[in-house]
Amino acid sequence: MDLGIRGKSALVCAGSKGLGRGCAEALAAAGVDLILNARGTEALEATAAAIRAAYKVSVVTVAADITSDAGRAQVLEAAGAVDILVTNAGGPPPGVWSDWQREDFIKALDANMLTPIALMTALLPGMIDAGWGRVINITSQSVKAPIAQLGLSNAARTGLTGYVAGTARQVAPHGVTINNLLPGIHDTDRAAALDAGVMKAEGISADEARARRAATIPARRYGTAAEFGAACAFLCSVHAGFIVGQNILLDGGATNATI
């Protein structure tokens, strides 16, 4: 399927690895030029080189912490006006309610709620003026069904979801859509870190920790960054203009809900 977005530009945050890279590659495959952001220079440049070689698109790299004011300003200056924004930032550490203090919540809100809002605030006016734009926020399945040990993420990402619900309806008349992608467990560094926590707590092997988690997913496997990226690219396409303010699960059926 021709997604109809060849020649457009996209800012993809945390795009050097995992789900962010999956989104970047899928957009590049559709002919989209990229502004690619991540904190680590080495992984970022390696990813950019691979994407340029494979898809023959422009890739501008900005190594910066998108959750900081200075890093965000650097990224936005390099990006200029873009057609597509994919927001993404690593999730807060797991724990239990008694572990978390006010400072922990502020850090989680800054990374997983206020940073995406700041990026949208900066870039939505240009999309509105152009009469077309796409925003995809990578959030979490915990927005639909909270995960107890991810309370910081539950709180911050649910706040972002509420913001998007209203804002998406305000910008839709201008040809701009905002939607959220809610990943379950995918084969990424984040999943490996969570599995490592289970290994340590229960004294089991990495393979056993992974097998246990996979057994809780109806698809009986972890998702891949490539299939996540394909979903992102479709939502950014000309075919998805009637999808507005939605929260789309990519979790292999793990969230047990009718709606």
# chains A, B, ... in the order shown; residues from 1 in each chain; ligands from 1
$ select_by_dssp --residues "region 8-243 of chain A" --states "strand (DSSP E)" --output "MDAnalysis selection string"
chainID A and resid 9:12 33:38 59:63 84:87 133:138 176:183
$ write_last_selection --atoms "N, CA, C and O atoms" --output "short mmCIF file (atom, residue, chain, number, x, y, z; two decimals), in the first residue's frame"
data_model
loop_
_atom_site.label_atom_id
_atom_site.label_comp_id
_atom_site.auth_asym_id
_atom_site.auth_seq_id
_atom_site.Cartn_x
_atom_site.Cartn_y
_atom_site.Cartn_z
N SER A 9 8.13 15.13 6.09
CA SER A 9 9.20 15.08 7.09
C SER A 9 8.63 14.69 8.45
O SER A 9 7.48 15.03 8.78
N ALA A 10 9.44 13.98 9.23
CA ALA A 10 8.99 13.50 10.53
C ALA A 10 10.08 13.67 11.57
O ALA A 10 11.25 13.39 11.31
N LEU A 11 9.68 14.12 12.75
CA LEU A 11 10.54 14.11 13.91
C LEU A 11 10.19 12.87 14.73
O LEU A 11 9.04 12.71 15.16
N VAL A 12 11.16 12.00 14.92
CA VAL A 12 10.96 10.77 15.70
C VAL A 12 11.87 10.83 16.92
O VAL A 12 13.10 10.88 16.79
N ASP A 33 11.37 11.81 5.05
CA ASP A 33 12.65 12.29 5.56
C ASP A 33 12.55 12.44 7.08
O ASP A 33 11.50 12.83 7.61
N LEU A 34 13.66 12.19 7.77
CA LEU A 34 13.61 12.10 9.23
C LEU A 34 14.50 13.11 9.92
O LEU A 34 15.60 13.41 9.47
N ILE A 35 14.02 13.61 11.04
CA ILE A 35 14.86 14.21 12.07
C ILE A 35 14.81 13.22 13.21
O ILE A 35 13.75 12.98 13.80
N LEU A 36 15.94 12.62 13.48
CA LEU A 36 16.01 11.49 14.42
C LEU A 36 16.71 11.94 15.69
O LEU A 36 17.83 12.46 15.65
N ASN A 37 16.03 11.73 16.81
CA ASN A 37 16.57 12.14 18.11
C ASN A 37 16.78 10.95 19.02
O ASN A 37 15.99 10.01 19.03
N ALA A 38 17.86 10.99 19.79
CA ALA A 38 18.09 10.06 20.89
C ALA A 38 19.19 10.66 21.75
O ALA A 38 19.86 11.62 21.35
N VAL A 59 18.27 11.90 6.67
CA VAL A 59 18.16 11.69 8.12
C VAL A 59 19.07 12.68 8.82
O VAL A 59 20.30 12.61 8.70
N VAL A 60 18.46 13.62 9.54
CA VAL A 60 19.21 14.57 10.36
C VAL A 60 19.19 14.05 11.79
O VAL A 60 18.13 13.68 12.31
N THR A 61 20.34 14.00 12.44
CA THR A 61 20.41 13.46 13.80
C THR A 61 20.63 14.58 14.80
O THR A 61 21.36 15.54 14.55
N VAL A 62 19.98 14.43 15.95
CA VAL A 62 20.17 15.36 17.07
C VAL A 62 20.30 14.54 18.34
O VAL A 62 19.31 13.99 18.85
N ALA A 63 21.52 14.46 18.85
CA ALA A 63 21.75 13.74 20.10
C ALA A 63 21.48 14.69 21.26
O ALA A 63 22.24 15.63 21.51
N ILE A 84 5.08 15.35 10.51
CA ILE A 84 4.77 14.21 11.39
C ILE A 84 5.62 14.32 12.65
O ILE A 84 6.82 14.63 12.57
N LEU A 85 5.00 14.05 13.79
CA LEU A 85 5.71 14.00 15.07
C LEU A 85 5.42 12.67 15.73
O LEU A 85 4.25 12.29 15.90
N VAL A 86 6.48 11.96 16.11
CA VAL A 86 6.34 10.73 16.89
C VAL A 86 7.03 10.97 18.22
O VAL A 86 8.26 11.12 18.28
N THR A 87 6.26 11.07 19.30
CA THR A 87 6.84 11.30 20.62
C THR A 87 7.09 9.96 21.31
O THR A 87 6.32 9.01 21.17
N GLY A 133 -1.27 17.25 9.14
CA GLY A 133 -0.25 16.84 10.10
C GLY A 133 -0.66 15.57 10.81
O GLY A 133 -1.84 15.20 10.84
N ARG A 134 0.34 14.89 11.35
CA ARG A 134 0.10 13.66 12.09
C ARG A 134 0.98 13.66 13.36
O ARG A 134 2.18 13.97 13.30
N VAL A 135 0.36 13.32 14.48
CA VAL A 135 1.08 13.16 15.73
C VAL A 135 0.77 11.78 16.28
O VAL A 135 -0.41 11.40 16.41
N ILE A 136 1.81 11.03 16.60
CA ILE A 136 1.67 9.74 17.24
C ILE A 136 2.44 9.77 18.55
O ILE A 136 3.65 10.07 18.56
N ASN A 137 1.76 9.50 19.64
CA ASN A 137 2.41 9.40 20.94
C ASN A 137 2.53 7.92 21.31
O ASN A 137 1.53 7.20 21.32
N ILE A 138 3.75 7.48 21.60
CA ILE A 138 3.95 6.11 22.07
C ILE A 138 3.76 6.12 23.58
O ILE A 138 4.56 6.73 24.31
N VAL A 176 -5.29 17.82 10.92
CA VAL A 176 -4.25 17.29 11.79
C VAL A 176 -4.84 16.23 12.70
O VAL A 176 -5.88 16.48 13.34
N THR A 177 -4.22 15.08 12.77
CA THR A 177 -4.72 14.03 13.67
C THR A 177 -3.67 13.74 14.74
O THR A 177 -2.46 13.80 14.50
N ILE A 178 -4.17 13.42 15.93
CA ILE A 178 -3.32 12.98 17.04
C ILE A 178 -3.88 11.67 17.55
O ILE A 178 -5.08 11.57 17.86
N ASN A 179 -3.04 10.67 17.64
CA ASN A 179 -3.44 9.37 18.16
C ASN A 179 -2.32 8.80 19.03
O ASN A 179 -1.15 9.21 18.92
N ASN A 180 -2.67 7.87 19.88
CA ASN A 180 -1.71 7.22 20.76
C ASN A 180 -1.59 5.74 20.41
O ASN A 180 -2.60 5.07 20.19
N LEU A 181 -0.36 5.26 20.38
CA LEU A 181 -0.11 3.82 20.24
C LEU A 181 0.30 3.27 21.59
O LEU A 181 1.20 3.79 22.24
N LEU A 182 -0.36 2.19 22.01
CA LEU A 182 -0.20 1.63 23.34
C LEU A 182 0.49 0.27 23.24
O LEU A 182 -0.17 -0.75 23.04
N PRO A 183 1.82 0.24 23.36
CA PRO A 183 2.50 -1.05 23.24
C PRO A 183 2.35 -1.90 24.49
O PRO A 183 2.37 -1.40 25.62
#
$ residues_around --residues "Thr115 (chain A)" --least-positions-apart "6" --cutoff "10 Å" --atoms "only C-alpha atoms" --output "ChimeraX atom specification"
/A:66-69,72,87-89,109,121,160
$ write_last_selection --atoms "N, CA and C atoms" --output "short mmCIF file (atom, residue, chain, number, x, y, z; two decimals), in the first residue's frame"
data_model
loop_
_atom_site.label_atom_id
_atom_site.label_comp_id
_atom_site.auth_asym_id
_atom_site.auth_seq_id
_atom_site.Cartn_x
_atom_site.Cartn_y
_atom_site.Cartn_z
N ILE A 66 15.52 14.72 25.08
CA ILE A 66 14.28 15.39 24.68
C ILE A 66 13.44 15.81 25.88
N THR A 67 13.71 15.23 27.05
CA THR A 67 12.92 15.57 28.24
C THR A 67 13.43 16.81 28.95
N SER A 68 14.59 17.34 28.53
CA SER A 68 15.12 18.57 29.14
C SER A 68 14.77 19.77 28.27
N ASP A 69 14.66 20.93 28.89
CA ASP A 69 14.34 22.15 28.14
C ASP A 69 15.39 22.42 27.07
N ARG A 72 15.28 19.74 24.25
CA ARG A 72 14.09 19.90 23.42
C ARG A 72 14.26 21.10 22.48
N THR A 87 6.26 11.07 19.30
CA THR A 87 6.84 11.30 20.62
C THR A 87 7.09 9.96 21.31
N ASN A 88 8.19 9.94 22.06
CA ASN A 88 8.60 8.68 22.69
C ASN A 88 9.65 9.01 23.72
N ALA A 89 9.55 8.41 24.88
CA ALA A 89 10.58 8.57 25.92
C ALA A 89 10.53 7.33 26.79
N LEU A 109 6.30 12.74 35.12
CA LEU A 109 5.42 13.65 34.39
C LEU A 109 6.20 14.45 33.36
N THR A 121 2.78 21.41 21.43
CA THR A 121 2.55 22.85 21.50
C THR A 121 3.43 23.60 20.51
N LEU A 160 -1.29 12.23 29.92
CA LEU A 160 -1.11 12.58 28.50
C LEU A 160 -2.33 12.16 27.69
#
$ atom_distance --atom1 "CA of Gly18 (chain A)" --atom2 "CA of Ala226 (chain A)"
9.1 Å
$ residues_around --residues "region 244-258 of chain A" --least-positions-apart "6" --cutoff "8 Å" --atoms "only C-alpha atoms" --output "list of chain:residue names"
A:Gln141, A:Lys144, A:Ala145, A:Val164, A:Ala165, A:Gly166, A:Ala168, A:Arg169, A:Ala172, A:Thr177, A:Ile178, A:Asn179, A:Asn180, A:Leu181, A:Leu182, A:Pro183, A:Gly184, A:Ile185, A:Thr216, A:Ile217, A:Pro218, A:Ala219, A:Arg220, A:Arg221, A:Tyr222, A:Gly223, A:Phe228
$ write_last_selection --atoms "N, CA, C and O atoms" --output "compact mmCIF listing (two decimals), in the first residue's frame"
# COMPACT_ATOMS: atom_id res chain seq x y z
N GLN A 141 0.28 0.10 27.21
CA GLN A 141 -0.95 -0.62 27.48
C GLN A 141 -1.49 -0.32 28.87
O GLN A 141 -2.67 -0.51 29.14
N LYS A 144 -4.77 1.56 29.41
CA LYS A 144 -6.04 0.82 29.38
C LYS A 144 -6.22 -0.06 30.61
O LYS A 144 -7.34 -0.22 31.11
N ALA A 145 -5.14 -0.65 31.08
CA ALA A 145 -5.21 -1.56 32.22
C ALA A 145 -3.94 -1.36 33.04
O ALA A 145 -2.87 -1.83 32.65
N VAL A 164 -4.57 14.51 25.19
CA VAL A 164 -4.75 14.21 23.77
C VAL A 164 -6.22 14.09 23.41
O VAL A 164 -6.65 14.53 22.33
N ALA A 165 -7.01 13.52 24.31
CA ALA A 165 -8.44 13.32 24.02
C ALA A 165 -9.12 14.63 23.65
O ALA A 165 -9.92 14.69 22.70
N GLY A 166 -8.79 15.70 24.36
CA GLY A 166 -9.39 16.98 24.05
C GLY A 166 -8.71 17.68 22.88
O GLY A 166 -9.37 18.19 21.97
N ALA A 168 -6.95 16.53 20.38
CA ALA A 168 -7.13 15.90 19.07
C ALA A 168 -8.40 16.40 18.39
O ALA A 168 -8.43 16.58 17.16
N ARG A 169 -9.44 16.62 19.18
CA ARG A 169 -10.70 17.09 18.60
C ARG A 169 -10.62 18.55 18.20
O ARG A 169 -11.34 19.00 17.28
N ALA A 172 -8.41 18.53 14.73
CA ALA A 172 -8.89 17.71 13.61
C ALA A 172 -9.52 18.52 12.47
O ALA A 172 -9.34 18.15 11.30
N THR A 177 -4.22 15.08 12.77
CA THR A 177 -4.72 14.03 13.67
C THR A 177 -3.67 13.74 14.74
O THR A 177 -2.46 13.80 14.50
N ILE A 178 -4.17 13.42 15.93
CA ILE A 178 -3.32 12.98 17.04
C ILE A 178 -3.88 11.67 17.55
O ILE A 178 -5.08 11.57 17.86
N ASN A 179 -3.04 10.67 17.64
CA ASN A 179 -3.44 9.37 18.16
C ASN A 179 -2.32 8.80 19.03
O ASN A 179 -1.15 9.21 18.92
N ASN A 180 -2.67 7.87 19.88
CA ASN A 180 -1.71 7.22 20.76
C ASN A 180 -1.59 5.74 20.41
O ASN A 180 -2.60 5.07 20.19
N LEU A 181 -0.36 5.26 20.38
CA LEU A 181 -0.11 3.82 20.24
C LEU A 181 0.30 3.27 21.59
O LEU A 181 1.20 3.79 22.24
N LEU A 182 -0.36 2.19 22.01
CA LEU A 182 -0.20 1.63 23.34
C LEU A 182 0.49 0.27 23.24
O LEU A 182 -0.17 -0.75 23.04
N PRO A 183 1.82 0.24 23.36
CA PRO A 183 2.50 -1.05 23.24
C PRO A 183 2.35 -1.90 24.49
O PRO A 183 2.37 -1.40 25.62
N GLY A 184 2.21 -3.19 24.26
CA GLY A 184 2.41 -4.16 25.31
C GLY A 184 3.88 -4.56 25.29
O GLY A 184 4.74 -3.75 24.96
N ILE A 185 4.17 -5.79 25.63
CA ILE A 185 5.56 -6.23 25.68
C ILE A 185 6.09 -6.48 24.26
O ILE A 185 5.54 -7.29 23.51
N THR A 216 1.69 -15.19 29.21
CA THR A 216 0.54 -14.36 29.62
C THR A 216 -0.06 -13.59 28.44
O THR A 216 -1.08 -12.93 28.59
N ILE A 217 0.58 -13.69 27.27
CA ILE A 217 0.12 -12.97 26.08
C ILE A 217 -0.61 -13.95 25.16
O ILE A 217 -0.04 -14.99 24.81
N PRO A 218 -1.84 -13.68 24.79
CA PRO A 218 -2.55 -14.62 23.91
C PRO A 218 -1.79 -14.97 22.64
O PRO A 218 -1.87 -16.10 22.16
N ALA A 219 -1.04 -14.03 22.08
CA ALA A 219 -0.24 -14.32 20.89
C ALA A 219 0.96 -15.21 21.21
O ALA A 219 1.62 -15.72 20.29
N ARG A 220 1.26 -15.40 22.50
CA ARG A 220 2.33 -16.27 22.99
C ARG A 220 3.73 -15.85 22.49
O ARG A 220 4.59 -16.68 22.28
N ARG A 221 3.92 -14.56 22.34
CA ARG A 221 5.23 -14.06 21.95
C ARG A 221 5.28 -12.57 22.27
O ARG A 221 4.27 -11.93 22.55
N TYR A 222 6.49 -12.03 22.22
CA TYR A 222 6.68 -10.59 22.32
C TYR A 222 6.44 -9.97 20.93
O TYR A 222 6.65 -10.61 19.90
N GLY A 223 6.00 -8.74 20.93
CA GLY A 223 5.86 -8.03 19.66
C GLY A 223 7.22 -7.64 19.11
O GLY A 223 8.24 -7.71 19.78
N PHE A 228 5.29 -2.88 15.11
CA PHE A 228 4.85 -1.65 15.77
C PHE A 228 5.05 -0.45 14.84
O PHE A 228 4.17 0.40 14.70
$ closest_residue --among "A:Asp195, A:Thr158, A:Phe234, A:Ser140" --to "Leu114 (chain A)" --atoms "only C-alpha atoms"
A:Thr158
$ atom_distance --atom1 "CA of Arg212 (chain A)" --atom2 "CA of Asp99 (chain A)"
25.5 Å
$ closest_residue --among "A:Ala28, A:Gly80, A:Gly175, A:Pro94" --to "Ala240 (chain A)" --atoms "only C-alpha atoms"
A:Gly175
$ residues_around --residues "Ala130 (chain A)" --least-positions-apart "3" --cutoff "10 Å" --atoms "only C-alpha atoms" --output "number ranges by chain"
A: 81-83, 124-127, 133, 174-176
$ residues_around --residues "Ala29 (chain A)" --least-positions-apart "2" --cutoff "10 Å" --atoms "only C-alpha atoms" --output "list in words"
Leu3, Arg6, Cys23, Ala24, Glu25, Ala26, Leu27, Gly31, Val32, Asp33, Ile51, Ala54, Tyr55, Lys56, Val57, Ala230 and Ala233 of chain A
$ residues_around --residues "region 155-157 of chain A" --least-positions-apart "3" --cutoff "7 Å" --atoms "only C-alpha atoms" --output "JSON, numbers by chain"
{"A": [108, 109, 112, 113, 139, 143, 151, 152, 160, 161]}
$ select_by_dssp --residues "region 165-241 of chain A" --states "alpha helix (DSSP H)" --output "ChimeraX atom specification"
/A:165-171,189-202,206-215,225-235
$ write_last_selection --atoms "C-alpha atoms" --output "mmCIF file, in the first residue's frame"
data_model
loop_
_atom_site.group_PDB
_atom_site.id
_atom_site.type_symbol
_atom_site.label_atom_id
_atom_site.label_comp_id
_atom_site.auth_asym_id
_atom_site.auth_seq_id
_atom_site.Cartn_x
_atom_site.Cartn_y
_atom_site.Cartn_z
ATOM 1 C CA ALA A 165 -8.438 13.323 24.019
ATOM 2 C CA GLY A 166 -9.393 16.984 24.047
ATOM 3 C CA THR A 167 -6.644 18.436 21.874
ATOM 4 C CA ALA A 168 -7.130 15.898 19.066
ATOM 5 C CA ARG A 169 -10.705 17.090 18.601
ATOM 6 C CA GLN A 170 -9.600 20.723 18.497
ATOM 7 C CA VAL A 171 -7.020 20.269 15.736
ATOM 8 C CA ASP A 189 15.681 -3.135 25.826
ATOM 9 C CA ARG A 190 12.775 -2.075 28.051
ATOM 10 C CA ALA A 191 11.359 -5.607 28.044
ATOM 11 C CA ALA A 192 14.791 -7.027 28.786
ATOM 12 C CA ALA A 193 15.152 -4.680 31.760
ATOM 13 C CA LEU A 194 11.762 -5.682 33.156
ATOM 14 C CA ASP A 195 12.602 -9.361 32.676
ATOM 15 C CA ALA A 196 15.910 -8.799 34.468
ATOM 16 C CA GLY A 197 13.976 -7.491 37.449
ATOM 17 C CA VAL A 198 11.931 -10.686 37.553
ATOM 18 C CA MET A 199 15.094 -12.774 37.231
ATOM 19 C CA LYS A 200 16.660 -11.038 40.203
ATOM 20 C CA ALA A 201 13.548 -11.096 42.376
ATOM 21 C CA GLU A 202 12.700 -14.753 41.740
ATOM 22 C CA ALA A 206 16.443 -14.939 31.507
ATOM 23 C CA ASP A 207 14.818 -17.561 29.298
ATOM 24 C CA GLU A 208 12.400 -18.572 32.056
ATOM 25 C CA ALA A 209 11.465 -14.978 32.830
ATOM 26 C CA ARG A 210 10.760 -14.348 29.152
ATOM 27 C CA ALA A 211 8.810 -17.588 28.748
ATOM 28 C CA ARG A 212 6.634 -16.757 31.751
ATOM 29 C CA ARG A 213 5.775 -13.331 30.381
ATOM 30 C CA ALA A 214 5.144 -14.653 26.871
ATOM 31 C CA ALA A 215 2.736 -17.217 28.314
ATOM 32 C CA ALA A 225 9.604 -3.222 16.577
ATOM 33 C CA ALA A 226 8.912 -3.705 12.860
ATOM 34 C CA GLU A 227 5.231 -4.503 13.297
ATOM 35 C CA PHE A 228 4.855 -1.649 15.770
ATOM 36 C CA GLY A 229 6.476 0.691 13.263
ATOM 37 C CA ALA A 230 4.124 -0.461 10.518
ATOM 38 C CA ALA A 231 1.129 0.508 12.657
ATOM 39 C CA CYS A 232 2.693 3.895 13.332
ATOM 40 C CA ALA A 233 3.347 4.515 9.635
ATOM 41 C CA PHE A 234 -0.236 3.664 8.730
ATOM 42 C CA LEU A 235 -1.582 6.129 11.305
#
$ atom_distance --atom1 "CA of Glu103 (chain A)" --atom2 "CA of Asn154 (chain A)"
15.9 Å
$ closest_residue --among "A:Ile259, A:Thr224, A:Ala53, A:Val96" --to "Arg21 (chain A)" --atoms "only C-alpha atoms"
A:Thr224
$ closest_residue --among "A:Ala148, A:Ala111, A:Ser16, A:His239" --to "Thr47 (chain A)" --atoms "only C-alpha atoms"
A:Ser16
